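J.: Provided herewith is a single structure, encoded as structure tokens, for subsequent inquiry.
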Amino acid sequence: MTIQIEERRQATTEEFVQVRVVDCDVHPTPRFGELEPYIAEPYRTTFAQRAQMAGNPVYYDAPDYNHAYAMRTDAFPDDGNFAGSNPDLCFRQLVLGSGSDLVILGPLGGPRSQTDEEAHAVAAALNVWQDKHWLDSANNWHKRYRGSIVASILDPQLAAREIENWAGHPYMAQVLITAEERPSWGHPKYDPIWAAATKHDIPVACHLSRGEHNELPMSPVGFMTYNHDLMVTYSMLAVNQVCSLIFDGVFDRFPTLKIVLIEHAFNWILPLMWRMDNMYKVRGPENGLKRKPSDYVKDHIWFTTQPLDYPEDKTELTSALEWMEADKILLFSSDYPHWTFDEPEWVVKHIPEQFRERVMYQNALELYKLPSTVPALAGQKRPF
């Protein structure tokens, strides 16, 4: 192992380069059997017994056979494990090949839990797994990876304890929760999570998911029938959570709380800010807010670029980004290793020039308190 690490380090130089791309949405996956040792009993045995009788239905599918299980086919390592399971391959494709200087890992895998206790056991195991298999000196020798403290929102007290356990880790950049559970985030039951996150000044991120128990996201009119129903409407979850955070006073109770909405799209936030501000004006002091809702959004909430939707006339996208002040609230993301992966050099072409540096790296450096320079790597691509 020591020899392998030294061979890898030969790819670095003594020079430092300016960080130009921070990828805020990358999904590492445990290799077969890699996560189980970190799952506490009796849940480890329960999951093993359940797996013998369960299939693996895929609801999030790709549009053609060139993408296996909704993943980039080239992200599958040669050892037969799943896409995103090999830290070295991820490094070669994302850092060297695509030019991302720093990568925020957001694990979404793990056994399908059926109880709150099982969900917490999986979350706790994923944190240990990241530490030992992605953020350790052997796999993070280049110091480009940052992890996420996975916290099961179903039990806010246990989630807060998990945040306390990992907040001091040098490579844990954010807390990762889900949005599907009820009640909405404005309920006081979640205050222990917000309190722990603000105590340690660490952002709380939420990625589109199936919820703690792997249930499909539900729309206001029930479960969706098709994949395209889900892909078009899942932003409604984020809309509801944004409204709840603001109107239920979470940001007034926790004035330093930072929320990151990953892969929930972002262009809906502009009309939502207009609508919330109008309601604030109409209802007056009865809403109890100290500021306009749009001010809370710009100070407390960030969005990632993927999926980057745009109209046929791309100048309209430029106008929308300017109106929503994207230079304050937008972060670059690739969604690796999914088939929807966005190359940094493709995204940067769609961002107005005056916003590019803020969106591609500066916002993330400030939000996550990341280093602004990294050791240069021989052969690394520089997207812009």
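Numbering starts fresh at 1 for the residues of each chain in the structure tokens, the chains themselves are lettered A, B, ... in the order given, and ligands are numbered from 1 as they appear.
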For A:Thr304, find every residue with an atom within 9 Å (counting only C-alpha atoms), except residues of its own chain fewer than 2 positions away, and show them as a CSV table (one decimal) with N, CA and C atoms, in the first residue's frame.

T.:
chain,number,residue,atom,x,y,z
A,24,CYS,N,-19.9,19.8,-6.4
A,24,CYS,CA,-20.7,19.6,-5.2
A,24,CYS,C,-21.7,18.5,-5.2
A,25,ASP,N,-21.6,17.6,-6.2
A,25,ASP,CA,-22.6,16.4,-6.2
A,25,ASP,C,-21.9,15.2,-6.9
A,260,VAL,N,-28.2,23.5,1.5
A,260,VAL,CA,-27.8,23.3,0.1
A,260,VAL,C,-28.8,22.3,-0.5
A,261,LEU,N,-29.5,22.7,-1.6
A,261,LEU,CA,-30.4,21.8,-2.2
A,261,LEU,C,-29.8,21.2,-3.5
A,262,ILE,N,-29.4,19.9,-3.5
A,262,ILE,CA,-28.7,19.3,-4.5
A,262,ILE,C,-29.6,18.5,-5.5
A,263,GLU,N,-29.4,18.8,-6.7
A,263,GLU,CA,-30.2,18.1,-7.8
A,263,GLU,C,-31.7,18.2,-7.6
A,264,HIS,N,-32.1,19.3,-7.1
A,264,HIS,CA,-33.6,19.7,-7.1
A,264,HIS,C,-33.9,20.7,-8.2
A,265,ALA,N,-33.0,20.9,-9.1
A,265,ALA,CA,-33.1,22.0,-10.1
A,265,ALA,C,-33.1,23.3,-9.4
A,266,PHE,N,-33.2,24.4,-10.1
A,266,PHE,CA,-33.0,25.7,-9.4
A,266,PHE,C,-33.8,26.9,-10.0
A,302,TRP,N,-28.6,27.5,-1.0
A,302,TRP,CA,-27.8,27.3,-2.2
A,302,TRP,C,-28.4,26.2,-3.0
A,306,GLN,N,-26.8,21.0,-11.6
A,306,GLN,CA,-27.3,19.9,-12.3
A,306,GLN,C,-28.7,19.5,-11.7
A,307,PRO,N,-29.8,19.4,-12.4
A,307,PRO,CA,-29.9,19.5,-13.9
A,307,PRO,C,-30.0,21.0,-14.3
A,308,LEU,N,-29.2,21.3,-15.4
A,308,LEU,CA,-29.2,22.6,-15.9
A,308,LEU,C,-30.2,22.7,-17.1
A,329,ILE,N,-26.1,32.2,-5.0
A,329,ILE,CA,-26.7,31.0,-4.5
A,329,ILE,C,-26.5,29.7,-5.4
A,330,LEU,N,-25.7,29.8,-6.4
A,330,LEU,CA,-25.6,28.6,-7.3
A,330,LEU,C,-24.2,28.0,-7.2
A,331,LEU,N,-24.2,26.7,-7.1
A,331,LEU,CA,-22.9,25.9,-7.0
A,331,LEU,C,-22.8,24.9,-8.2
A,332,PHE,N,-21.6,24.7,-8.7
A,332,PHE,CA,-21.5,23.7,-9.8
A,332,PHE,C,-21.6,22.3,-9.3
A,333,SER,N,-22.2,21.5,-10.1
A,333,SER,CA,-22.3,20.0,-9.7
A,333,SER,C,-22.3,19.2,-11.0
A,334,SER,N,-21.8,18.0,-10.9
A,334,SER,CA,-21.8,17.1,-12.1
A,334,SER,C,-22.7,16.0,-12.1
A,359,VAL,N,-19.9,30.7,-9.6
A,359,VAL,CA,-20.7,29.5,-9.6
A,359,VAL,C,-19.8,28.3,-9.7

J.: From a backbone DSSP assignment, name each residue in stretch 143-253 of chain A labelled helix (DSSP H, G or I), as a compact mmCIF listing (two decimals) with C-alpha atoms, in the first residue's frame.

T.:
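Result written to result-v3.txt:
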# COMPACT_ATOMS: atom_id res chain seq x y z
CA PRO A 156 -33.34 14.26 14.99
CA GLN A 157 -31.64 13.52 18.32
CA LEU A 158 -29.59 10.67 16.86
CA ALA A 159 -28.92 12.75 13.75
CA ALA A 160 -27.58 15.57 15.91
CA ARG A 161 -25.37 13.11 17.74
CA GLU A 162 -23.97 11.88 14.43
CA ILE A 163 -23.18 15.47 13.47
CA GLU A 164 -21.39 15.96 16.79
CA ASN A 165 -19.37 12.77 16.22
CA TRP A 166 -18.06 13.82 12.80
CA PRO A 188 -39.45 22.24 15.80
CA LYS A 189 -38.72 18.50 16.03
CA TYR A 190 -35.82 19.04 13.61
CA ASP A 191 -34.26 21.84 15.65
CA PRO A 192 -31.58 19.52 17.13
CA ILE A 193 -30.20 19.00 13.61
CA TRP A 194 -30.12 22.71 12.81
CA ALA A 195 -28.62 23.43 16.25
CA ALA A 196 -25.78 20.92 15.80
CA ALA A 197 -25.04 22.13 12.27
CA THR A 198 -24.91 25.80 13.25
CA LYS A 199 -22.87 25.02 16.36
CA ASN A 227 -39.91 8.09 -14.33
CA HIS A 228 -40.51 11.27 -16.32
CA ASP A 229 -43.23 12.28 -13.83
CA LEU A 230 -40.63 12.07 -11.10
CA MET A 231 -37.91 13.87 -13.04
CA VAL A 232 -40.15 16.82 -13.94
CA THR A 233 -41.91 17.32 -10.61
CA SER A 235 -38.57 20.01 -7.35
CA MET A 236 -41.92 20.43 -5.59
CA LEU A 237 -40.38 18.78 -2.54
CA ALA A 238 -37.74 21.48 -2.38
CA VAL A 239 -40.34 24.21 -2.96
CA ASN A 240 -42.31 23.03 0.06
CA GLN A 241 -39.22 22.75 2.24
CA VAL A 242 -38.01 26.25 1.31
CA CYS A 243 -41.39 27.69 2.24
CA SER A 244 -41.43 25.74 5.50
CA LEU A 245 -37.92 26.85 6.49
CA ILE A 246 -38.78 30.48 5.88
CA PHE A 247 -42.39 30.83 7.03
CA VAL A 250 -36.19 28.26 11.10
CA PHE A 251 -33.78 30.92 9.81
CA ASP A 252 -34.88 33.32 12.55
CA ARG A 253 -34.25 30.64 15.17

J.: Name all residues at most 9 Å from A:Leu94 (count only C-alpha atoms; drop same-chain ones fewer than 3 positions away) and give them as a list in words.

T.: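 So the residues in contact are Asp23, Leu89, Cys90, Phe91, Gly97, Ser98, Gly99, Ser100, Asp101, Val103, Tyr336 and Glu343 of chain A.
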
J.: Output N, CA, C and O atoms of each residue in that selection to a file, as an mmCIF file, in the first residue's frame.

T.:
data_model
loop_
_atom_site.group_PDB
_atom_site.id
_atom_site.type_symbol
_atom_site.label_atom_id
_atom_site.label_comp_id
_atom_site.auth_asym_id
_atom_site.auth_seq_id
_atom_site.Cartn_x
_atom_site.Cartn_y
_atom_site.Cartn_z
ATOM 1 N N ASP A 23 -16.803 20.458 -7.482
ATOM 2 C CA ASP A 23 -17.963 19.636 -7.842
ATOM 3 C C ASP A 23 -18.713 19.286 -6.570
ATOM 4 O O ASP A 23 -18.201 18.567 -5.707
ATOM 5 N N LEU A 89 -10.619 5.346 -9.810
ATOM 6 C CA LEU A 89 -11.282 5.602 -11.088
ATOM 7 C C LEU A 89 -12.010 6.937 -11.047
ATOM 8 O O LEU A 89 -11.966 7.711 -12.010
ATOM 9 N N CYS A 90 -12.656 7.212 -9.938
ATOM 10 C CA CYS A 90 -13.328 8.508 -9.764
ATOM 11 C C CYS A 90 -12.323 9.645 -9.880
ATOM 12 O O CYS A 90 -12.586 10.660 -10.544
ATOM 13 N N PHE A 91 -11.173 9.491 -9.260
ATOM 14 C CA PHE A 91 -10.128 10.521 -9.322
ATOM 15 C C PHE A 91 -9.670 10.739 -10.765
ATOM 16 O O PHE A 91 -9.529 11.882 -11.222
ATOM 17 N N GLY A 97 -9.516 13.899 -15.574
ATOM 18 C CA GLY A 97 -10.185 13.938 -16.869
ATOM 19 C C GLY A 97 -11.105 15.113 -17.085
ATOM 20 O O GLY A 97 -11.141 15.697 -18.176
ATOM 21 N N SER A 98 -11.892 15.473 -16.045
ATOM 22 C CA SER A 98 -12.862 16.559 -16.192
ATOM 23 C C SER A 98 -12.397 17.870 -15.586
ATOM 24 O O SER A 98 -12.963 18.919 -15.874
ATOM 25 N N GLY A 99 -11.402 17.815 -14.715
ATOM 26 C CA GLY A 99 -10.827 19.050 -14.198
ATOM 27 C C GLY A 99 -11.422 19.578 -12.917
ATOM 28 O O GLY A 99 -11.191 20.737 -12.563
ATOM 29 N N SER A 100 -12.168 18.758 -12.177
ATOM 30 C CA SER A 100 -12.660 19.209 -10.882
ATOM 31 C C SER A 100 -11.507 19.220 -9.883
ATOM 32 O O SER A 100 -10.809 18.217 -9.729
ATOM 33 N N ASP A 101 -11.304 20.337 -9.212
ATOM 34 C CA ASP A 101 -10.201 20.458 -8.265
ATOM 35 C C ASP A 101 -10.548 19.899 -6.897
ATOM 36 O O ASP A 101 -9.705 19.330 -6.207
ATOM 37 N N VAL A 103 -13.901 17.830 -4.713
ATOM 38 C CA VAL A 103 -15.086 17.012 -4.961
ATOM 39 C C VAL A 103 -15.820 16.781 -3.646
ATOM 40 O O VAL A 103 -15.221 16.291 -2.680
ATOM 41 N N TYR A 336 -21.933 12.990 -10.994
ATOM 42 C CA TYR A 336 -21.181 11.762 -11.265
ATOM 43 C C TYR A 336 -21.534 10.690 -10.237
ATOM 44 O O TYR A 336 -21.692 11.009 -9.060
ATOM 45 N N GLU A 343 -20.293 17.784 -17.689
ATOM 46 C CA GLU A 343 -18.893 18.175 -17.705
ATOM 47 C C GLU A 343 -18.750 19.644 -17.285
ATOM 48 O O GLU A 343 -19.549 20.492 -17.688
#
